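*Asks:* Input structure: run.txt, which contains compact mmCIF, C-alpha atoms.
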# COMPACT_ATOMS: atom_id res chain seq x y z
CA LEU A 1 21.22 79.63 -22.44
CA THR A 2 18.12 79.27 -20.26
CA TYR A 3 14.63 79.91 -21.53
CA ASN A 4 11.78 81.61 -19.59
CA PHE A 5 8.71 79.37 -19.85
CA SER A 6 6.23 81.97 -18.55
CA ASN A 7 4.66 82.64 -21.96
CA CYS A 8 3.95 79.04 -22.91
CA ASP A 9 0.41 77.76 -23.49
CA PHE A 10 0.22 75.61 -20.34
CA ASN A 11 -3.23 74.18 -21.06
CA LYS A 12 -2.17 72.92 -24.48
CA ILE A 13 1.00 71.46 -22.99
CA ARG A 14 -1.11 69.69 -20.34
CA VAL A 15 -3.28 68.13 -23.05
CA GLU A 16 -0.21 66.95 -25.00
CA TYR A 17 1.35 65.54 -21.84
CA ASP A 18 -1.88 63.77 -20.95
CA GLN A 19 -2.49 62.35 -24.41
CA ILE A 20 1.03 61.72 -25.73
CA ILE A 21 4.03 62.20 -23.46
CA PHE A 22 2.58 60.35 -20.45
CA SER A 23 2.11 57.05 -22.31
CA ASP A 24 5.65 57.21 -23.69
CA LEU A 25 7.07 57.95 -20.26
CA LYS A 26 5.01 55.14 -18.76
CA LYS A 27 6.27 52.76 -21.48
CA TYR A 28 9.86 53.78 -20.70
CA MET A 29 9.29 53.19 -16.97
CA ASN A 30 7.54 49.89 -17.65
CA GLY A 31 7.88 47.51 -14.71
CA THR A 32 9.27 50.12 -12.33
CA LYS A 33 7.43 50.19 -8.99
CA SER A 34 6.19 53.66 -7.99
CA THR A 35 8.16 53.45 -4.74
CA GLN A 36 11.34 52.10 -6.36
CA PHE A 37 12.95 55.54 -6.47
CA ASN A 38 12.93 58.42 -4.06
CA TYR A 39 11.88 61.75 -5.49
CA ASN A 40 14.04 64.81 -4.92
CA ILE A 41 13.23 67.26 -7.71
CA SER A 42 10.13 69.36 -7.11
CA CYS A 43 8.45 72.40 -8.70
CA ASN A 44 5.86 74.93 -7.62
CA ASN A 45 4.25 76.56 -10.65
CA PRO A 46 3.92 75.84 -14.37
CA PRO A 47 7.01 77.80 -15.58
CA ASP A 48 9.10 76.36 -12.74
CA CYS A 49 7.93 72.84 -13.61
CA LEU A 50 8.73 73.25 -17.31
CA THR A 51 12.18 74.61 -16.43
CA GLU A 52 12.90 71.51 -14.33
CA ILE A 53 11.37 69.19 -16.95
CA GLN A 54 13.58 70.71 -19.65
CA ARG A 55 16.68 70.44 -17.44
CA VAL A 56 16.11 66.84 -16.38
CA THR A 57 15.08 65.72 -19.88
CA PHE A 58 17.82 67.34 -21.91
CA SER A 59 20.82 67.71 -19.58
CA PRO A 60 22.92 64.54 -19.62
CA THR A 61 24.16 63.37 -16.25
CA HIS A 62 26.80 60.91 -15.13
CA GLY A 63 25.39 57.44 -15.77
CA CYS A 64 22.61 58.65 -18.04
CA THR A 65 23.70 60.55 -21.12
CA SER A 66 21.05 59.82 -23.74
CA LEU A 67 17.65 60.38 -22.11
CA HIS A 68 17.05 63.14 -24.64
CA LYS A 69 16.95 60.52 -27.43
CA GLU A 70 14.03 58.66 -25.89
CA MET A 71 10.59 58.97 -27.50
CA PHE A 72 9.09 60.90 -24.59
CA ALA A 73 11.96 63.39 -24.81
CA VAL A 74 11.56 63.86 -28.55
CA LYS A 75 7.87 64.59 -28.02
CA THR A 76 8.61 66.88 -25.07
CA LYS A 77 10.86 68.92 -27.33
CA ALA A 78 8.22 69.03 -30.07
CA THR A 79 5.59 70.16 -27.55
CA LEU A 80 7.75 72.90 -26.06
CA THR A 81 8.75 74.08 -29.53
CA LEU A 82 5.09 74.29 -30.52
CA GLN A 83 3.64 75.81 -27.36
CA CYS A 84 6.46 78.07 -26.13
CA PRO A 85 7.23 81.14 -28.25
CA GLY A 86 10.94 81.40 -29.10
CA TYR A 87 11.86 78.07 -27.49
CA SER A 88 13.19 76.45 -30.68
CA GLY A 89 15.70 79.27 -31.27
CA ILE A 90 17.30 78.71 -27.88
CA GLN A 91 17.53 74.95 -28.42
CA ILE A 92 19.50 75.30 -31.71
CA ASN A 93 22.34 77.00 -29.80
CA ASN A 94 22.30 74.38 -27.08
CA THR A 95 22.37 71.53 -29.58
CA GLN A 96 25.89 72.45 -30.76
CA ALA A 97 27.20 71.31 -27.36
CA LYS A 98 25.66 67.86 -27.78
CA LYS A 99 27.30 66.99 -31.12
CA ASN A 100 29.86 64.48 -29.75
CA ARG A 101 27.32 62.59 -27.55
CA LYS A 102 27.44 58.75 -27.74
CA LYS A 103 24.71 56.64 -29.42
CA ARG A 104 21.52 55.83 -27.44
CA GLU A 105 22.60 53.58 -24.53
CA VAL A 106 20.81 50.74 -22.80
CA THR A 107 18.27 51.98 -20.23
CA THR A 108 20.33 52.30 -17.09
CA ASN A 109 18.98 52.36 -13.56
CA LYS A 110 20.27 55.92 -13.38
CA CYS A 111 18.14 56.80 -16.43
CA LEU A 112 15.09 55.14 -14.83
CA LYS A 113 15.64 57.19 -11.69
CA GLN A 114 15.92 60.36 -13.79
CA ALA A 115 12.78 59.44 -15.73
CA SER A 116 10.88 58.85 -12.49
CA GLN A 117 11.80 62.39 -11.41
CA LEU A 118 10.37 63.57 -14.73
CA LEU A 119 7.14 61.69 -14.09
CA GLY A 120 6.84 63.44 -10.73
CA LEU A 121 7.44 66.82 -12.33
CA TRP A 122 5.00 66.26 -15.23
CA ARG A 123 2.33 65.04 -12.81
CA ARG A 124 2.80 68.09 -10.65
CA PHE A 125 2.63 70.36 -13.73
CA SER A 126 -0.56 68.66 -14.93
CA ARG A 127 -2.54 69.13 -11.74
CA ILE A 128 -1.82 72.80 -11.05
CA LYS A 129 -5.05 74.59 -11.79
CA GLY A 130 -5.33 77.38 -14.33
CA ASN A 131 -3.00 78.86 -16.93
CA GLN M 1 16.66 48.52 4.65
CA GLY M 2 13.15 49.09 5.84
CA GLU M 3 11.69 46.21 3.84
CA ALA M 4 10.36 44.73 7.10
CA LEU M 5 8.39 47.94 7.86
CA GLN M 6 5.10 47.83 5.98
CA LEU M 7 3.91 51.36 5.26
CA GLN M 8 0.63 52.95 4.22
CA ILE M 9 0.26 56.58 3.11
CA VAL M 10 -3.01 58.42 2.38
CA CYS M 11 -3.22 62.09 1.40
CA PHE M 12 -6.72 63.27 2.24
CA ASN M 13 -7.64 65.93 -0.30
CA PHE M 14 -4.27 67.70 0.14
CA GLU M 15 -5.46 68.66 3.62
CA THR M 16 -3.82 65.99 5.77
CA VAL M 17 -1.38 63.15 5.13
CA GLN M 18 -1.62 60.00 7.20
CA VAL M 19 1.41 57.70 7.32
CA THR M 20 0.87 54.42 9.17
CA TRP M 21 3.38 51.62 9.72
CA ASN M 22 3.00 48.02 10.71
CA ALA M 23 4.84 48.02 14.02
CA SER M 24 4.49 44.28 14.59
CA GLU M 25 8.10 43.84 13.54
CA TYR M 26 9.16 46.08 16.47
CA PRO M 27 6.90 45.09 19.37
CA GLY M 28 6.93 47.42 22.36
CA THR M 29 8.95 50.05 20.47
CA ASN M 30 7.95 53.67 19.95
CA LEU M 31 9.22 54.32 16.43
CA THR M 32 10.07 57.94 15.64
CA PHE M 33 8.82 59.72 12.52
CA LEU M 34 10.89 62.64 11.18
CA TYR M 35 9.75 64.63 8.13
CA LYS M 36 10.26 67.69 5.96
CA PHE M 37 8.72 69.04 2.75
CA SER M 38 11.88 70.32 1.11
CA GLY M 39 15.27 68.80 0.54
CA ASP M 40 17.14 71.69 2.10
CA GLU M 41 15.10 71.99 5.31
CA ALA M 42 15.95 70.28 8.62
CA TYR M 43 13.85 67.30 9.67
CA ASP M 44 11.03 67.90 12.13
CA GLN M 45 9.53 65.39 14.52
CA CYS M 46 5.96 64.22 13.87
CA PRO M 47 3.56 66.72 15.51
CA ASN M 48 0.71 64.23 15.82
CA TYR M 49 1.44 60.50 16.34
CA THR M 50 -1.30 57.89 16.14
CA LEU M 51 -0.97 55.09 18.66
CA GLN M 52 -1.74 51.40 18.64
CA ARG M 53 -1.66 49.44 21.85
CA GLY M 54 0.07 52.38 23.43
CA HIS M 55 2.90 52.66 20.89
CA THR M 56 3.40 54.90 17.89
CA ALA M 57 1.89 53.40 14.75
CA GLY M 58 1.47 56.41 12.52
CA CYS M 59 1.76 60.13 11.98
CA LEU M 60 -0.81 62.70 10.88
CA LEU M 61 0.55 65.79 9.10
CA GLU M 62 -0.77 68.86 7.36
CA ALA M 63 -0.51 68.21 3.62
CA LYS M 64 1.08 70.22 0.80
CA ASP M 65 1.33 69.24 -2.85
CA GLN M 66 5.01 68.60 -2.44
CA ILE M 67 7.59 65.82 -1.96
CA LEU M 68 7.42 64.44 1.59
CA TYR M 69 10.90 63.49 2.88
CA PHE M 70 10.56 61.19 5.91
CA SER M 71 12.51 58.81 8.05
CA ILE M 72 11.24 56.23 10.55
CA SER M 73 13.68 55.14 13.22
CA ASN M 74 13.81 52.98 16.32
CA ARG M 75 15.91 54.05 19.27
CA THR M 76 19.23 53.45 17.59
CA HIS M 77 18.99 53.82 13.82
CA PRO M 78 16.74 54.70 10.87
CA LEU M 79 14.64 51.78 9.60
CA LEU M 80 13.33 53.48 6.51
CA THR M 81 14.12 56.75 4.72
CA ARG M 82 12.02 57.83 1.73
CA SER M 83 10.92 60.86 -0.27
CA GLN M 84 7.61 60.56 -2.13
CA TRP M 85 5.15 62.99 -3.69
CA VAL M 86 2.18 63.01 -1.31
CA SER M 87 -0.04 63.35 -4.38
CA ASP M 88 0.84 59.77 -5.31
CA TYR M 89 -1.43 58.70 -2.41
CA LEU M 90 -4.28 61.15 -2.92
CA LYS M 91 -7.80 60.40 -1.78
CA PRO M 92 -9.96 63.34 -2.92
CA SER M 93 -12.86 64.48 -0.74
CA SER M 94 -16.27 63.35 -1.93
CA PRO M 95 -18.34 65.70 -4.08
CA LYS M 96 -20.06 68.62 -2.32
CA ASP M 97 -23.14 70.73 -3.27
CA VAL M 98 -24.37 68.04 -5.67
CA LYS M 99 -27.19 69.53 -7.77
CA PHE M 100 -29.52 68.02 -10.40
CA LEU M 101 -30.86 69.97 -13.36
CA TRP M 102 -33.52 68.00 -15.26
CA HIS M 103 -34.41 68.67 -18.89
CA GLN M 104 -36.76 66.27 -20.76
CA GLU M 105 -35.10 62.84 -20.61
CA ALA M 106 -31.72 64.02 -19.38
CA VAL M 107 -30.20 65.35 -16.19
CA THR M 108 -27.10 67.46 -15.63
CA VAL M 109 -25.38 66.71 -12.33
CA THR M 110 -23.06 69.41 -10.99
CA CYS M 111 -21.00 69.82 -7.84
CA SER M 112 -18.23 72.08 -6.60
CA ASP M 113 -14.96 71.46 -8.47
CA LEU M 114 -12.04 70.72 -6.16
CA SER M 115 -9.19 73.24 -6.07
CA TYR M 116 -6.73 71.13 -8.04
CA ASP M 117 -6.81 69.52 -11.48
CA GLY M 118 -6.12 66.11 -12.97
CA LEU M 119 -9.37 64.62 -11.64
CA LEU M 120 -12.36 62.74 -13.04
CA TYR M 121 -15.83 63.41 -11.65
CA GLU M 122 -17.88 60.22 -11.89
CA VAL M 123 -21.67 60.03 -11.66
CA GLN M 124 -23.44 56.67 -11.44
CA HIS M 125 -27.12 56.06 -11.91
CA ARG M 126 -29.50 53.15 -12.05
CA SER M 127 -33.23 52.59 -11.98
CA THR M 128 -34.92 49.88 -9.97
CA PHE M 129 -34.93 47.76 -13.10
CA ASP M 130 -31.21 48.05 -13.74
CA PRO M 131 -29.06 45.36 -12.13
CA GLU M 132 -25.90 47.46 -12.35
CA TRP M 133 -24.88 51.09 -11.82
CA GLN M 134 -24.07 52.90 -15.04
CA SER M 135 -21.14 55.33 -14.99
CA LYS M 136 -20.29 58.56 -16.70
CA GLU M 137 -17.28 60.75 -15.91
CA GLU M 138 -16.02 64.19 -16.91
CA ARG M 139 -12.97 66.33 -16.20
CA THR M 140 -15.10 68.93 -14.41
CA CYS M 141 -18.08 68.37 -12.13
CA ASN M 142 -20.69 68.90 -14.82
CA VAL M 143 -21.96 65.53 -16.02
CA THR M 144 -25.00 65.15 -18.29
CA ILE M 145 -26.79 61.80 -18.45
CA GLU M 146 -29.23 61.31 -21.28
CA GLY M 147 -31.79 58.70 -22.31
CA LEU M 148 -33.56 58.59 -18.97
CA ASP M 149 -37.19 57.44 -18.78
CA ALA M 150 -39.28 60.20 -17.18
CA GLU M 151 -41.53 57.70 -15.42
CA LYS M 152 -38.87 55.54 -13.87
CA CYS M 153 -37.40 56.17 -10.45
CA TYR M 154 -33.59 56.59 -10.50
CA CYS M 155 -30.84 56.48 -7.86
CA PHE M 156 -27.74 58.66 -8.32
CA ARG M 157 -24.38 58.89 -6.60
CA ALA M 158 -21.11 60.74 -7.39
CA ARG M 159 -17.41 60.49 -6.53
CA VAL M 160 -14.04 61.95 -7.56
CA LYS M 161 -11.14 59.94 -9.00
CA ALA M 162 -7.52 60.98 -9.58
CA THR M 163 -6.13 60.37 -13.09
CA GLU M 164 -3.05 58.20 -13.46
CA SER M 165 -1.25 60.76 -15.62
CA SER M 166 -1.49 63.40 -12.89
CA TYR M 167 -1.25 61.24 -9.77
CA GLY M 168 0.07 57.79 -10.58
CA SER M 169 -1.61 54.51 -9.77
CA ASP M 170 -1.49 54.38 -5.95
CA THR M 171 -4.38 56.82 -5.34
CA GLN M 172 -7.85 56.04 -3.95
CA PRO M 173 -11.19 57.31 -5.27
CA SER M 174 -13.19 59.56 -2.96
CA ASP M 175 -16.04 58.11 -0.96
CA TRP M 176 -19.36 58.13 -2.80
CA SER M 177 -21.68 61.05 -2.20
CA GLU M 178 -24.99 60.26 -0.56
CA VAL M 179 -27.36 58.33 -2.88
CA THR M 180 -30.31 60.45 -4.03
CA HIS M 181 -33.57 59.30 -5.69
CA TRP M 182 -35.45 61.04 -8.48
CA GLN M 183 -38.60 60.42 -10.51
CA SER M 184 -40.06 62.66 -13.21
CA GLY M 185 -37.55 65.31 -12.26
CA GLU M 186 -38.67 65.34 -8.62
CA PRO M 187 -36.66 64.15 -5.61
CA ARG M 188 -37.95 61.03 -3.84
CA ASP M 189 -37.15 59.56 -0.45
CA SER M 190 -36.46 56.25 -2.09
CA CYS M 191 -37.19 54.19 -5.17
CA GLN M 192 -39.76 51.59 -4.03
CA ASP M 193 -38.61 48.12 -5.17
CA ASN M 194 -42.15 46.96 -5.85
CA GLN M 195 -42.58 49.67 -8.43
CA GLU M 196 -44.25 48.25 -11.59
CA PRO M 197 -42.24 48.47 -14.76
CA PRO M 198 -43.60 51.31 -16.97
CA LYS M 199 -46.15 50.17 -19.62
CA PRO M 200 -44.46 49.85 -23.02
CA LYS M 201 -45.50 52.76 -25.22
CA PHE M 202 -47.68 51.61 -28.19
CA PRO M 203 -47.36 53.40 -31.50
CA LYS M 204 -50.19 55.87 -32.19
CA PHE M 205 -51.56 53.99 -35.23
CA ILE M 206 -53.28 50.55 -35.49
CA LEU M 207 -52.76 48.36 -38.56
CA ILE M 208 -56.10 47.10 -40.00
CA SER M 209 -55.69 44.34 -42.58
Hey, can you dump this file as structure tokens for me?
*Replies:*
Amino acid sequence: LTYNFSNCDFNKIRVEYDQIIFSDLKKYMNGTKSTQFNYNISCNNPPDCLTEIQRVTFSPTHGCTSLHKEMFAVKTKATLTLQCPGYSGIQINNTQAKKNRKKREVTTNKCLKQASQLLGLWRRFSRIKGN
Amino acid sequence: QGEALQLQIVCFNFETVQVTWNASEYPGTNLTFLYKFSGDEAYDQCPNYTLQRGHTAGCLLEAKDQILYFSISNRTHPLLTRSQWVSDYLKPSSPKDVKFLWHQEAVTVTCSDLSYDGLLYEVQHRSTFDPEWQSKEERTCNVTIEGLDAEKCYCFRARVKATESSYGSDTQPSDWSEVTHWQSGEPRDSCQDNQEPPKPKFPKFILIS
């Protein structure tokens, strides 16, 4: 199920990214040079950015299956649940699919690359003017 | 690949992007710069090369707040292929329409907000008696500085900085705005250095013992 992020409170989400999520993401990326990874996931407006952020954060990929367990991901989920009406309902259905996921794995290079895409998306989201 | 090619990128206020490379590794070679702003587009050739000693040393492009996909090649093969958010290399334009609104011992400095967010507007001031500039910054260009001495002459300047959470750590602050001078709420051409320090204010009462 995909969720439409158009009705979220973007300003509040920006504040929570700025004050909470960003430092966790930065901690996770600690020691990674800004040019270490190429970026290839972009977004154009707040709902589009949140859609990509949700996908990259919570959809496991080959080589990186447990990003959603990281602190920045937990706080992303809490923020979206708080600031996006009806978001939590959708996530309960999606969680059933994740039941058999392995324990949190060591930070792989693939996860660092995925997290750097997230940083690019969050930054883009945070500098788009207006609500 | 490409480690030998030193690169510098500056995004001027999301208006133009300047990519320059250190061509000393490839003397006498015209390196080619191909670019695109979306993963699914075809590469385009640089529309506006900058030259150094008659050979290509950089490319000037129109900017967008997007990922810049680019490749630099010599005659036979690509030397470097990258895709970076141009915003990572932002240099905002310096503040425009800087205005001063004085009220008692405080001044509110305003200027036109830029068209994108995630910035800090910094105002610095000092009087002729202060060795250092003092800074104050706000998220919008509306900065109030209090505790100013009405008699002293002050210099002010302003600039724009990009926040790390919105732009990363490879940005540059804008250039400073022109320095302006003020005394008792009035503009001055300059703050004379030989200006006497203001007389300390004595309390209104005298103790008689």
*Asks:* Find the nearest atom pair between each residue of chain A and chain M for residues within 10 Å, count all atoms listed in the file, give distances in Å to one decimal, sort rows by chain and ascending number, and present the table as CSV.
*Replies:*
residue,atom,partner,partner_atom,distance
A:Arg14,CA,M:Gly118,CA,9.6
A:Tyr17,CA,M:Ser165,CA,8.3
A:Asp18,CA,M:Ser165,CA,6.2
A:Gln19,CA,M:Ser165,CA,9.0
A:Ile21,CA,M:Ser165,CA,9.6
A:Phe22,CA,M:Ser165,CA,6.2
A:Ser23,CA,M:Ser165,CA,8.4
A:Leu25,CA,M:Ser165,CA,9.9
A:Lys26,CA,M:Ser165,CA,9.0
A:Ser34,CA,M:Gly168,CA,7.8
A:Thr35,CA,M:Gln84,CA,7.6
A:Gln36,CA,M:Arg82,CA,9.9
A:Phe37,CA,M:Ser83,CA,8.4
A:Asn38,CA,M:Ser83,CA,4.9
A:Tyr39,CA,M:Ser83,CA,5.4
A:Asn40,CA,M:Ser83,CA,6.9
A:Ile41,CA,M:Ile67,CA,8.2
A:Ser42,CA,M:Ile67,CA,6.7
A:Cys43,CA,M:Gln66,CA,8.1
A:Asn44,CA,M:Gln66,CA,8.2
A:Leu119,CA,M:Ser165,CA,8.6
A:Gly120,CA,M:Trp85,CA,7.3
A:Leu121,CA,M:Ser166,CA,9.6
A:Trp122,CA,M:Ser166,CA,7.5
A:Arg123,CA,M:Ser166,CA,4.2
A:Arg124,CA,M:Ser166,CA,6.7
A:Phe125,CA,M:Ser166,CA,8.1
A:Ser126,CA,M:Ser166,CA,5.7
A:Arg127,CA,M:Asp117,CA,4.3
A:Ile128,CA,M:Asp117,CA,6.0
A:Lys129,CA,M:Tyr116,CA,5.4
A:Gly130,CA,M:Asp117,CA,8.5
*Asks:* Just how far from CA of Asn7 (chain A) is CA of Gln83 (chain A), in Å to one decimal?
*Replies:*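 Here the two named atoms are 8.8 Å from each other.
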*Asks:* Between CA of Asn45 (chain A) and CA of Leu60 (chain M), what is the spacing in Å?
*Replies:*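 Separation between CA of Leu60 (chain M) and CA of Asn45 (chain A): 26.1 Å.
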*Asks:* Of the candidates M:Cys46, M:Cys11, M:Cys153, M:Val19, which shows the shortest atom-to-atom distance to His125 (chain M), using only C-alpha atoms?
*Replies:*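 Residue with the minimum atom-to-atom distance to His125 (chain M): M:Cys153.
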*Asks:* Between CA of Pro92 (chain M) and CA of Arg126 (chain M), what is the spacing in Å?
*Replies:*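 These atoms are spaced 23.9 Å apart.
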*Asks:* Excluding Gly63 (chain A) and residues on its chain fewer than 4 positions from it, collect all residues at most 9 Å away from it, counting all atoms listed in the file, and give them as number ranges by chain.
*Replies:* A: 108-111
*Asks:* Output as a PDB file, in the frame of the given file: region 25-49 of chain M, completed with N, CA, C and O atoms.
*Replies:*
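Writing the result to result_25.pdb gives the following:
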ATOM      1  N   GLU M  25       6.700  44.276  13.641  1.00  0.00           N
ATOM      2  CA  GLU M  25       8.100  43.840  13.540  1.00  0.00           C
ATOM      3  C   GLU M  25       8.905  44.353  14.743  1.00  0.00           C
ATOM      4  O   GLU M  25       9.976  43.868  15.036  1.00  0.00           O
ATOM      5  N   TYR M  26       8.399  45.425  15.385  1.00  0.00           N
ATOM      6  CA  TYR M  26       9.160  46.080  16.470  1.00  0.00           C
ATOM      7  C   TYR M  26       8.250  46.201  17.700  1.00  0.00           C
ATOM      8  O   TYR M  26       7.876  47.308  18.083  1.00  0.00           O
ATOM      9  N   PRO M  27       7.852  45.049  18.263  1.00  0.00           N
ATOM     10  CA  PRO M  27       6.900  45.090  19.370  1.00  0.00           C
ATOM     11  C   PRO M  27       7.442  45.910  20.545  1.00  0.00           C
ATOM     12  O   PRO M  27       8.648  45.879  20.822  1.00  0.00           O
ATOM     13  N   GLY M  28       6.576  46.671  21.163  1.00  0.00           N
ATOM     14  CA  GLY M  28       6.930  47.420  22.360  1.00  0.00           C
ATOM     15  C   GLY M  28       7.856  48.594  22.074  1.00  0.00           C
ATOM     16  O   GLY M  28       8.441  49.171  22.976  1.00  0.00           O
ATOM     17  N   THR M  29       8.031  48.948  20.804  1.00  0.00           N
ATOM     18  CA  THR M  29       8.950  50.050  20.470  1.00  0.00           C
ATOM     19  C   THR M  29       8.165  51.257  19.984  1.00  0.00           C
ATOM     20  O   THR M  29       7.233  51.099  19.203  1.00  0.00           O
ATOM     21  N   ASN M  30       8.544  52.436  20.472  1.00  0.00           N
ATOM     22  CA  ASN M  30       7.950  53.670  19.950  1.00  0.00           C
ATOM     23  C   ASN M  30       8.825  54.156  18.803  1.00  0.00           C
ATOM     24  O   ASN M  30       9.870  54.769  19.030  1.00  0.00           O
ATOM     25  N   LEU M  31       8.429  53.850  17.571  1.00  0.00           N
ATOM     26  CA  LEU M  31       9.220  54.320  16.430  1.00  0.00           C
ATOM     27  C   LEU M  31       9.044  55.818  16.282  1.00  0.00           C
ATOM     28  O   LEU M  31       7.976  56.363  16.585  1.00  0.00           O
ATOM     29  N   THR M  32      10.083  56.480  15.795  1.00  0.00           N
ATOM     30  CA  THR M  32      10.070  57.940  15.640  1.00  0.00           C
ATOM     31  C   THR M  32       9.918  58.289  14.165  1.00  0.00           C
ATOM     32  O   THR M  32      10.519  57.638  13.302  1.00  0.00           O
ATOM     33  N   PHE M  33       9.059  59.285  13.896  1.00  0.00           N
ATOM     34  CA  PHE M  33       8.820  59.720  12.520  1.00  0.00           C
ATOM     35  C   PHE M  33       9.345  61.139  12.355  1.00  0.00           C
ATOM     36  O   PHE M  33       8.911  62.055  13.047  1.00  0.00           O
ATOM     37  N   LEU M  34      10.348  61.302  11.480  1.00  0.00           N
ATOM     38  CA  LEU M  34      10.890  62.640  11.180  1.00  0.00           C
ATOM     39  C   LEU M  34      10.494  62.974   9.749  1.00  0.00           C
ATOM     40  O   LEU M  34      10.460  62.080   8.881  1.00  0.00           O
ATOM     41  N   TYR M  35      10.205  64.271   9.483  1.00  0.00           N
ATOM     42  CA  TYR M  35       9.750  64.630   8.130  1.00  0.00           C
ATOM     43  C   TYR M  35      10.154  66.044   7.756  1.00  0.00           C
ATOM     44  O   TYR M  35      10.531  66.861   8.616  1.00  0.00           O
ATOM     45  N   LYS M  36      10.108  66.320   6.459  1.00  0.00           N
ATOM     46  CA  LYS M  36      10.260  67.690   5.960  1.00  0.00           C
ATOM     47  C   LYS M  36       9.647  67.713   4.560  1.00  0.00           C
ATOM     48  O   LYS M  36       9.484  66.670   3.937  1.00  0.00           O
ATOM     49  N   PHE M  37       9.342  68.925   4.069  1.00  0.00           N
ATOM     50  CA  PHE M  37       8.720  69.040   2.750  1.00  0.00           C
ATOM     51  C   PHE M  37       9.668  69.661   1.718  1.00  0.00           C
ATOM     52  O   PHE M  37       9.250  70.046   0.639  1.00  0.00           O
ATOM     53  N   SER M  38      10.922  69.819   2.110  1.00  0.00           N
ATOM     54  CA  SER M  38      11.880  70.320   1.110  1.00  0.00           C
ATOM     55  C   SER M  38      13.233  69.733   1.430  1.00  0.00           C
ATOM     56  O   SER M  38      13.588  69.562   2.608  1.00  0.00           O
ATOM     57  N   GLY M  39      13.995  69.460   0.372  1.00  0.00           N
ATOM     58  CA  GLY M  39      15.270  68.800   0.540  1.00  0.00           C
ATOM     59  C   GLY M  39      16.248  69.580   1.395  1.00  0.00           C
ATOM     60  O   GLY M  39      17.076  69.033   2.111  1.00  0.00           O
ATOM     61  N   ASP M  40      16.111  70.946   1.364  1.00  0.00           N
ATOM     62  CA  ASP M  40      17.140  71.690   2.100  1.00  0.00           C
ATOM     63  C   ASP M  40      16.724  72.032   3.525  1.00  0.00           C
ATOM     64  O   ASP M  40      17.495  72.578   4.281  1.00  0.00           O
ATOM     65  N   GLU M  41      15.503  71.670   3.931  1.00  0.00           N
ATOM     66  CA  GLU M  41      15.100  71.990   5.310  1.00  0.00           C
ATOM     67  C   GLU M  41      15.653  70.952   6.286  1.00  0.00           C
ATOM     68  O   GLU M  41      16.071  69.871   5.866  1.00  0.00           O
ATOM     69  N   ALA M  42      15.588  71.257   7.577  1.00  0.00           N
ATOM     70  CA  ALA M  42      15.950  70.280   8.620  1.00  0.00           C
ATOM     71  C   ALA M  42      14.720  69.413   8.892  1.00  0.00           C
ATOM     72  O   ALA M  42      13.587  69.836   8.688  1.00  0.00           O
ATOM     73  N   TYR M  43      14.969  68.176   9.329  1.00  0.00           N
ATOM     74  CA  TYR M  43      13.850  67.300   9.670  1.00  0.00           C
ATOM     75  C   TYR M  43      13.130  67.819  10.911  1.00  0.00           C
ATOM     76  O   TYR M  43      13.765  68.395  11.807  1.00  0.00           O
ATOM     77  N   ASP M  44      11.824  67.596  10.924  1.00  0.00           N
ATOM     78  CA  ASP M  44      11.030  67.900  12.130  1.00  0.00           C
ATOM     79  C   ASP M  44      10.476  66.589  12.660  1.00  0.00           C
ATOM     80  O   ASP M  44      10.272  65.640  11.891  1.00  0.00           O
ATOM     81  N   GLN M  45      10.141  66.591  13.948  1.00  0.00           N
ATOM     82  CA  GLN M  45       9.530  65.390  14.520  1.00  0.00           C
ATOM     83  C   GLN M  45       8.032  65.430  14.241  1.00  0.00           C
ATOM     84  O   GLN M  45       7.449  66.524  14.137  1.00  0.00           O
ATOM     85  N   CYS M  46       7.407  64.283  14.113  1.00  0.00           N
ATOM     86  CA  CYS M  46       5.960  64.220  13.870  1.00  0.00           C
ATOM     87  C   CYS M  46       5.209  64.993  14.931  1.00  0.00           C
ATOM     88  O   CYS M  46       5.437  64.788  16.130  1.00  0.00           O
ATOM     89  N   PRO M  47       4.302  65.930  14.535  1.00  0.00           N
ATOM     90  CA  PRO M  47       3.560  66.720  15.510  1.00  0.00           C
ATOM     91  C   PRO M  47       2.371  65.958  16.084  1.00  0.00           C
ATOM     92  O   PRO M  47       1.806  66.348  17.095  1.00  0.00           O
ATOM     93  N   ASN M  48       1.980  64.836  15.442  1.00  0.00           N
ATOM     94  CA  ASN M  48       0.710  64.230  15.820  1.00  0.00           C
ATOM     95  C   ASN M  48       0.774  62.717  15.567  1.00  0.00           C
ATOM     96  O   ASN M  48       0.372  62.256  14.510  1.00  0.00           O
ATOM     97  N   TYR M  49       1.312  61.957  16.512  1.00  0.00           N
ATOM     98  CA  TYR M  49       1.440  60.500  16.340  1.00  0.00           C
ATOM     99  C   TYR M  49       0.074  59.830  16.527  1.00  0.00           C
ATOM    100  O   TYR M  49      -0.763  60.310  17.307  1.00  0.00           O
TER     101      TYR M  49
END
